[in-house]
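Listing of entry29.txt, compact mmCIF, C-alpha atoms
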# COMPACT_ATOMS: atom_id res chain seq x y z
CA MET A 8 -8.03 25.04 33.35
CA SER A 9 -7.56 28.76 32.80
CA MET A 10 -5.02 29.70 30.19
CA ARG A 11 -2.40 32.42 30.36
CA PRO A 12 -3.82 35.82 29.26
CA ASP A 13 -3.20 36.47 25.57
CA SER A 14 -0.93 39.42 26.24
CA TYR A 15 1.53 37.21 28.08
CA PRO A 16 3.40 34.57 26.14
CA ASP A 17 4.01 31.08 27.43
CA GLY A 18 7.17 30.70 29.42
CA ILE A 19 8.36 32.15 32.67
CA GLN A 20 7.08 35.62 33.56
CA VAL A 21 8.98 37.58 36.16
CA LEU A 22 7.49 40.18 38.48
CA GLU A 23 9.99 42.41 40.24
CA ALA A 24 9.55 45.26 42.66
CA ASP A 25 12.12 47.59 44.14
CA GLY A 26 12.76 51.19 45.05
CA ILE A 27 9.88 51.07 47.51
CA GLN A 28 10.49 53.35 50.45
CA LEU A 29 7.81 54.33 52.88
CA ALA A 30 7.64 56.03 56.26
CA PHE A 31 4.71 56.78 58.57
CA ASP A 32 5.09 59.53 61.16
CA GLY A 33 8.83 59.50 60.68
CA ARG A 34 9.07 55.74 61.22
CA LYS A 35 10.57 53.95 58.25
CA ILE A 36 8.32 51.05 57.22
CA LEU A 37 10.00 50.01 54.01
CA THR A 38 13.56 51.03 53.21
CA ASP A 39 15.35 48.39 51.25
CA VAL A 40 13.05 46.22 49.21
CA TYR A 41 13.76 44.00 46.25
CA LEU A 42 11.20 41.31 45.58
CA ARG A 43 11.03 38.86 42.73
CA VAL A 44 8.29 36.36 41.93
CA GLN A 45 8.00 34.30 38.81
CA THR A 46 5.36 32.08 37.34
CA GLY A 47 5.59 28.53 38.59
CA GLN A 48 6.55 29.84 41.99
CA ILE A 49 4.90 30.55 45.32
CA ALA A 50 6.66 33.25 47.27
CA GLY A 51 5.89 33.66 50.95
CA LEU A 52 6.12 37.05 52.62
CA LEU A 53 6.38 36.90 56.38
CA GLY A 54 6.90 39.55 59.01
CA ARG A 55 5.71 40.78 62.35
CA ASN A 56 2.50 42.76 62.72
CA GLY A 57 2.96 46.26 61.38
CA SER A 58 6.10 45.39 59.48
CA GLY A 59 4.61 46.60 56.19
CA LYS A 60 3.58 43.37 54.46
CA SER A 61 0.18 44.63 53.36
CA THR A 62 1.64 47.97 52.38
CA LEU A 63 4.20 46.23 50.22
CA LEU A 64 1.58 44.09 48.48
CA GLN A 65 -0.64 47.13 47.88
CA THR A 66 2.29 49.05 46.46
CA ILE A 67 3.15 46.25 44.07
CA PHE A 68 -0.51 45.97 43.08
CA GLY A 69 -0.53 49.71 42.38
CA ALA A 70 -3.29 50.71 44.77
CA ARG A 71 -0.84 52.64 46.93
CA VAL A 72 1.24 55.26 45.18
CA VAL A 73 4.82 55.34 46.41
CA PRO A 74 7.28 57.71 44.71
CA ASP A 75 10.20 55.93 43.02
CA ALA A 76 8.55 52.52 43.39
CA SER A 77 9.41 50.35 40.46
CA VAL A 78 7.29 47.36 39.52
CA ARG A 79 8.38 45.50 36.43
CA VAL A 80 7.22 42.49 34.48
CA ASN A 81 9.91 40.87 32.41
CA GLY A 82 11.92 44.04 32.88
CA ARG A 83 9.18 46.36 31.62
CA ARG A 84 7.69 48.92 33.97
CA ALA A 85 4.11 48.18 35.07
CA VAL A 86 2.85 50.97 37.34
CA PRO A 87 0.09 50.87 38.43
CA ALA A 88 0.17 47.14 37.89
CA PHE A 89 -3.54 46.54 38.39
CA GLN A 90 -4.29 48.55 35.26
CA THR A 91 -2.23 46.20 33.12
CA ALA A 92 -4.82 43.77 31.76
CA GLY A 93 -4.36 40.21 32.88
CA LEU A 94 -1.23 40.90 34.90
CA LEU A 95 -2.19 40.44 38.52
CA ASN A 96 -4.90 40.53 41.13
CA TYR A 97 -4.83 41.17 44.85
CA LEU A 98 -6.75 39.82 47.81
CA PRO A 99 -6.82 42.46 50.56
CA GLN A 100 -7.27 41.71 54.24
CA ALA A 101 -10.51 43.68 54.05
CA GLN A 102 -13.58 42.40 52.27
CA LEU A 103 -13.04 42.24 48.55
CA LEU A 104 -16.53 41.87 47.16
CA PRO A 105 -19.13 44.65 47.02
CA ALA A 106 -22.04 43.98 49.35
CA GLN A 107 -24.67 44.11 46.61
CA LEU A 108 -23.06 41.40 44.44
CA SER A 109 -23.71 37.68 44.73
CA LEU A 110 -20.75 35.33 44.35
CA ARG A 111 -22.06 34.32 40.95
CA GLN A 112 -22.28 37.94 39.77
CA ALA A 113 -18.80 38.67 41.09
CA ALA A 114 -17.43 35.62 39.29
CA ARG A 115 -19.03 36.79 36.05
CA LEU A 116 -17.36 40.18 36.32
CA LEU A 117 -14.02 38.60 37.16
CA ARG A 118 -14.59 36.15 34.31
CA VAL A 119 -14.07 33.14 36.55
CA ASP A 120 -15.49 29.71 35.79
CA LEU A 121 -17.25 28.84 39.04
CA ASP A 122 -17.40 25.13 38.26
CA GLU A 123 -13.64 25.11 37.98
CA ALA A 124 -13.10 27.39 40.97
CA THR A 125 -15.25 25.29 43.29
CA ALA A 126 -14.29 21.87 41.92
CA ALA A 127 -12.52 20.95 45.16
CA PHE A 128 -15.23 22.52 47.32
CA PRO A 129 -18.56 21.18 46.02
CA GLU A 130 -20.37 22.19 49.22
CA LEU A 131 -19.77 25.85 48.33
CA ARG A 132 -21.89 25.54 45.20
CA LEU A 133 -25.05 25.78 47.27
CA GLN A 134 -24.09 29.31 48.24
CA LEU A 135 -23.12 30.81 44.92
CA ASN A 136 -26.21 32.99 44.76
CA SER A 137 -25.49 34.43 48.19
CA ARG A 138 -24.19 37.91 48.83
CA PRO A 139 -21.18 38.47 51.10
CA GLU A 140 -23.28 39.38 54.16
CA GLU A 141 -25.12 36.06 53.87
CA LEU A 142 -21.94 33.98 54.17
CA SER A 143 -19.83 33.08 57.18
CA GLY A 144 -16.49 34.87 57.42
CA GLY A 145 -14.52 31.74 56.61
CA THR A 146 -16.66 30.79 53.63
CA LEU A 147 -16.49 34.31 52.25
CA ARG A 148 -12.72 34.38 52.66
CA LEU A 149 -12.35 31.04 50.92
CA MET A 150 -14.59 32.08 48.03
CA GLN A 151 -12.67 35.31 47.57
CA VAL A 152 -9.39 33.40 47.39
CA LEU A 153 -10.87 30.94 44.90
CA LEU A 154 -12.24 33.71 42.68
CA LEU A 155 -8.88 35.44 42.42
CA LEU A 156 -6.93 32.22 42.19
CA HIS A 157 -8.97 31.12 39.19
CA ALA A 158 -9.11 34.54 37.54
CA ASN A 159 -7.05 34.73 34.41
CA THR A 160 -4.05 36.68 35.66
CA VAL A 161 -0.36 35.91 35.54
CA PHE A 162 0.20 36.73 39.21
CA SER A 163 -1.92 36.72 42.36
CA LEU A 164 -1.06 38.56 45.56
CA PHE A 165 -2.86 37.18 48.61
CA ASP A 166 -2.92 39.01 51.92
CA GLU A 167 -3.85 36.48 54.61
CA PRO A 168 -5.78 34.03 52.45
CA PHE A 169 -6.17 31.51 55.28
CA THR A 170 -7.73 33.88 57.83
CA GLY A 171 -10.94 32.38 59.19
CA VAL A 172 -10.82 29.37 56.87
CA MET A 173 -11.35 26.06 58.65
CA PRO A 174 -8.45 23.56 58.71
CA VAL A 175 -9.94 21.01 56.33
CA HIS A 176 -10.50 23.74 53.76
CA ILE A 177 -7.01 25.13 54.31
CA GLU A 178 -5.55 21.77 53.32
CA THR A 179 -7.64 21.63 50.17
CA LEU A 180 -6.91 25.26 49.38
CA ALA A 181 -3.19 24.66 49.84
CA ALA A 182 -3.39 21.88 47.26
CA GLY A 183 -5.23 24.30 44.97
CA LEU A 184 -2.50 26.90 45.38
CA LEU A 185 0.11 24.33 44.41
CA ARG A 186 -1.89 23.43 41.30
CA ALA A 187 -2.38 27.09 40.43
CA LYS A 188 1.33 27.81 40.46
CA GLN A 189 1.67 25.73 37.32
CA ARG A 190 0.14 28.67 35.46
CA LYS A 191 0.71 31.57 37.86
CA GLY A 192 3.11 33.20 40.21
CA LEU A 193 1.75 33.61 43.73
CA LEU A 194 2.84 35.95 46.47
CA ILE A 195 1.29 35.09 49.83
CA THR A 196 1.48 36.67 53.21
CA ASP A 197 -0.16 34.96 56.18
CA HIS A 198 0.75 34.44 59.81
CA ARG A 199 -0.14 30.74 59.50
CA TYR A 200 3.50 30.02 58.73
CA ALA A 201 3.09 26.28 59.35
CA GLU A 202 0.73 26.16 56.37
CA VAL A 203 2.56 28.74 54.28
CA LEU A 204 6.15 27.52 54.52
CA PRO A 205 5.62 24.08 52.93
CA LEU A 206 3.98 25.78 49.94
CA CYS A 207 6.75 28.26 49.29
CA ASP A 208 9.54 28.05 46.76
CA VAL A 209 11.01 31.22 48.16
CA VAL A 210 10.43 32.95 51.49
CA TYR A 211 10.89 36.63 52.21
CA LEU A 212 10.92 38.21 55.64
CA LEU A 213 10.17 41.87 56.19
CA HIS A 214 12.34 42.85 59.10
CA GLN A 215 12.90 46.43 60.26
CA GLY A 216 11.97 47.79 56.85
CA ARG A 217 14.28 45.53 54.92
CA LEU A 218 13.13 42.62 52.81
CA LEU A 219 15.30 39.60 53.43
CA LYS A 220 15.28 36.57 51.19
CA LEU A 221 15.62 33.53 53.40
CA GLY A 222 17.69 30.51 52.58
CA ALA A 223 17.10 26.78 52.52
CA ASP A 224 16.16 26.59 56.20
CA PRO A 225 13.73 29.47 56.67
CA ARG A 226 12.51 28.30 60.08
CA ALA A 227 15.92 28.74 61.63
CA GLU A 228 16.26 32.22 60.18
CA LEU A 229 12.73 33.10 61.24
CA ARG A 230 13.71 32.16 64.79
CA ASP A 231 16.90 34.19 64.55
CA TYR A 232 14.99 37.27 63.47
CA GLY A 233 12.43 36.84 66.23
CA TYR A 234 9.47 35.91 64.04
CA LEU A 235 9.22 32.43 65.58
CA ALA A 236 9.82 31.59 69.23
CA THR A 237 10.81 27.97 68.77
CA MET B 3 -14.47 44.66 23.71
CA THR B 4 -15.07 42.30 26.62
CA ALA B 5 -12.71 44.33 28.78
CA LEU B 6 -14.59 47.52 27.88
CA LEU B 7 -17.91 45.89 28.77
CA THR B 8 -16.49 44.74 32.08
CA GLN B 9 -15.30 48.26 32.83
CA LEU B 10 -18.72 49.69 31.97
CA ARG B 11 -20.38 47.14 34.24
CA ALA B 12 -17.92 48.07 36.97
CA LEU B 13 -18.81 51.74 36.56
CA LEU B 14 -22.51 50.97 36.81
CA LEU B 15 -21.93 48.79 39.86
CA PHE B 16 -19.94 51.53 41.53
CA TYR B 17 -22.59 54.11 40.64
CA ARG B 18 -25.20 51.90 42.31
CA SER B 19 -23.25 52.14 45.55
CA VAL B 20 -23.35 55.96 45.56
CA ALA B 21 -26.68 56.37 43.75
CA PRO B 22 -28.76 56.81 46.93
CA PHE B 23 -26.75 59.94 47.75
CA MET B 24 -26.40 61.26 44.21
CA LEU B 25 -29.98 60.63 43.15
CA GLY B 26 -31.23 61.84 46.52
CA ILE B 27 -29.51 65.19 46.00
CA THR B 28 -30.88 65.41 42.46
CA GLY B 29 -34.36 64.64 43.80
CA LEU B 30 -34.08 67.25 46.55
CA LEU B 31 -32.86 69.95 44.16
CA ALA B 32 -35.54 69.08 41.64
CA GLY B 33 -38.39 68.75 44.12
CA PHE B 34 -37.60 71.58 46.50
CA VAL B 35 -35.90 74.11 44.21
CA LEU B 36 -36.57 73.53 40.53
CA VAL B 37 -40.25 72.63 40.69
CA PRO B 38 -41.22 75.61 42.93
CA LEU B 39 -39.20 77.95 40.68
CA LEU B 40 -40.91 76.63 37.57
CA HIS B 41 -44.26 76.74 39.29
CA ASP B 42 -43.74 80.43 40.15
CA GLY B 43 -42.29 81.18 36.72
CA GLN B 44 -38.95 82.25 38.21
CA ALA B 45 -36.71 79.53 36.86
CA SER B 46 -35.33 81.58 34.01
CA GLY B 47 -31.65 82.32 34.56
CA ARG B 48 -31.43 80.26 37.74
CA LEU B 49 -30.63 76.91 36.17
CA PRO B 50 -26.84 77.54 36.17
CA ALA B 51 -27.01 78.14 39.92
CA LEU B 52 -28.93 74.92 40.33
CA ALA B 53 -26.33 73.03 38.29
CA LEU B 54 -23.58 74.63 40.38
CA ALA B 55 -25.30 73.52 43.58
CA LYS B 56 -25.44 69.97 42.25
CA LEU B 57 -21.80 70.19 41.20
CA LEU B 58 -20.73 71.31 44.66
CA THR B 59 -22.38 68.34 46.34
CA GLY B 60 -20.18 65.94 44.34
CA PRO B 61 -17.05 66.44 46.47
CA VAL B 62 -19.14 66.03 49.62
CA VAL B 63 -20.42 62.63 48.47
CA TRP B 64 -16.89 61.68 47.42
CA TYR B 65 -15.51 62.64 50.85
CA LEU B 66 -18.22 60.76 52.73
CA ALA B 67 -17.73 57.66 50.57
CA GLU B 68 -13.97 57.77 51.21
CA GLN B 69 -14.52 58.05 54.95
CA MET B 70 -17.35 55.55 55.32
CA ARG B 71 -16.22 52.88 52.84
CA PRO B 72 -12.44 53.06 52.44
CA ASN B 73 -12.30 49.45 51.24
CA GLN B 74 -14.87 49.81 48.49
CA TYR B 75 -12.28 50.02 45.70
CA TRP B 76 -10.55 46.65 45.98
CA PHE B 77 -12.97 44.76 43.77
CA PHE B 78 -12.81 47.47 41.12
CA TYR B 79 -9.02 47.54 41.18
CA ASN B 80 -9.15 43.81 40.50
CA LEU B 81 -11.23 44.62 37.43
CA GLY B 82 -8.50 47.03 36.34
CA VAL B 83 -10.51 50.18 37.05
CA SER B 84 -8.83 52.96 38.98
CA ARG B 85 -10.42 55.16 41.64
CA GLY B 86 -10.20 58.20 39.33
CA ARG B 87 -11.95 56.40 36.51
CA LEU B 88 -14.73 55.24 38.84
CA TRP B 89 -15.43 58.75 40.06
CA ALA B 90 -15.16 60.20 36.56
CA GLY B 91 -17.79 57.67 35.51
CA VAL B 92 -19.99 58.68 38.42
CA ALA B 93 -19.63 62.36 37.47
CA VAL B 94 -20.59 61.73 33.84
CA LEU B 95 -23.48 59.40 34.62
CA ASP B 96 -24.85 61.49 37.45
CA GLY B 97 -24.46 64.68 35.43
CA ALA B 98 -26.41 63.12 32.57
CA ILE B 99 -29.17 62.01 34.93
CA PHE B 100 -29.35 65.47 36.50
CA VAL B 101 -29.59 67.17 33.10
CA GLY B 102 -32.17 64.61 31.97
CA VAL B 103 -34.33 65.15 35.05
CA THR B 104 -34.05 68.93 34.73
CA VAL B 105 -35.00 68.91 31.05
CA ALA B 106 -37.90 66.54 31.69
CA ILE B 107 -39.31 68.67 34.49
CA GLN B 108 -38.94 71.84 32.41
CA ALA B 109 -40.74 70.15 29.53
CA PHE B 110 -43.53 69.17 31.90
CA PHE B 111 -44.02 72.77 32.99
CA ALA B 112 -43.61 74.25 29.48
Would you put the structure from the file into structure tokens?
Amino acid sequence: MSMRPDSYPDGIQVLEADGIQLAFDGRKILTDVYLRVQTGQIAGLLGRNGSGKSTLLQTIFGARVVPDASVRVNGRRAVPAFQTAGLLNYLPQAQLLPAQLSLRQAARLLRVDLDEATAAFPELRLQLNSRPEELSGGTLRLMQVLLLLHANTVFSLFDEPFTGVMPVHIETLAAGLLRAKQRKGLLITDHRYAEVLPLCDVVYLLHQGRLLKLGADPRAELRDYGYLAT
Amino acid sequence: MTALLTQLRALLLFYRSVAPFMLGITGLLAGFVLVPLLHDGQASGRLPALALAKLLTGPVVWYLAEQMRPNQYWFFYNLGVSRGRLWAGVAVLDGAIFVGVTVAIQAFFA
């Protein structure tokens, strides 16, 4: 089991983001955002297509520069967050791994124990010497999630981790996410709400630029805001 | 120390992705400009212009890489290496290779 990075003491770590405002072509994408994730927690981020979910994750990660954006860990500013060693990693919707790297080489750079990462997916071990182009889309997606999930960071931000992954693997991966939250904080966005909602300790909805924290019955609120039909 | 090694490996990995362009330009400048100049004994005083030509191709490669592979940075971000640091590493490494090749060819013709 991976341990907490040395620079972060045991105990609850809190990641907060606010002050994020963004507009494209005059259309306000993000206007009123306050997001909080802590270790031991899975936070779900839902929203309609184009609502700014990926943009928000990228801003928190630090890959997208937004003036006045504030990202803090335990109250201390961490911008850009990805340059703070051991703080967080991010799975983009796009391919993560460079084409010339095998999974094993990528794991070495990310300092991930592949035996641990693939413990629940022994069939993947046959493909660890493969490069991304040699894998199916679903297998590649799953391996990318596993690499970041088992990397030694305090938080992981996952943008559509379940895309292309077959149902039996989604169930196993969901169990892995629940195990991982014992040592991490996870922020997940994915349209597979039926799989995401049971995992979440807190659910956020991006709606018309505002980030809403949903209550105890998120499905009802998701219907009210037009994210779910029934 | 481990983090520094990881960052160096990341820089080398990133350089590999742009090396065909960068080394190709170095090869073209060396083969089609520097060698003929040295062969004709006209290289004296023209090396700064050659270096400037190489320098000017850098932004072109950067622009093409940004346009053709906009998602190439995600893995490196996850290693804690910023876009600026990656390109600074490319500039230093490629500059060193260019100087090394130039010096070696000059020594050959000396």
- Please identify every residue of chain B that has at least one atom no more than 10 Å from any atom of chain A, counting all atoms listed in the file, and report them as a VMD selection string. chain B and resid 4 to 5 7 to 9 11 to 12 15 to 16 18 to 19 72 to 85
- Task: Name the closest residue to Gln134 in chain A among the candidates A:Leu29, A:Val203, A:Met150, A:Leu193; distances are taken between atoms, counting all atoms listed in the file.
- Result: A:Met150
- Message: So that I can see what lies close to Gly145 in chain A, please list as an MDAnalysis selection string the residues with an atom at most 8 Å from it, counting all atoms listed in the file and leaving out residues fewer than 6 positions away in the same chain.
- Response: chainID A and resid 170:173
- How many Å lie between CA of Ile195 in chain A and CA of Val161 in chain A, rounded to one decimal? 14.4 Å
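Rounded to one decimal, CA of Val37 in chain B and CA of Tyr17 in chain B lie 25.6 Å from each other.
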- Query: Counting all atoms listed in the file, which residues come within 7 Å of (15.8, 48.7, 48.5), with the point read in the file's coordinates, and could you list them as a ChimeraX atom specification?
  - Reply: /A:25-27,38-41
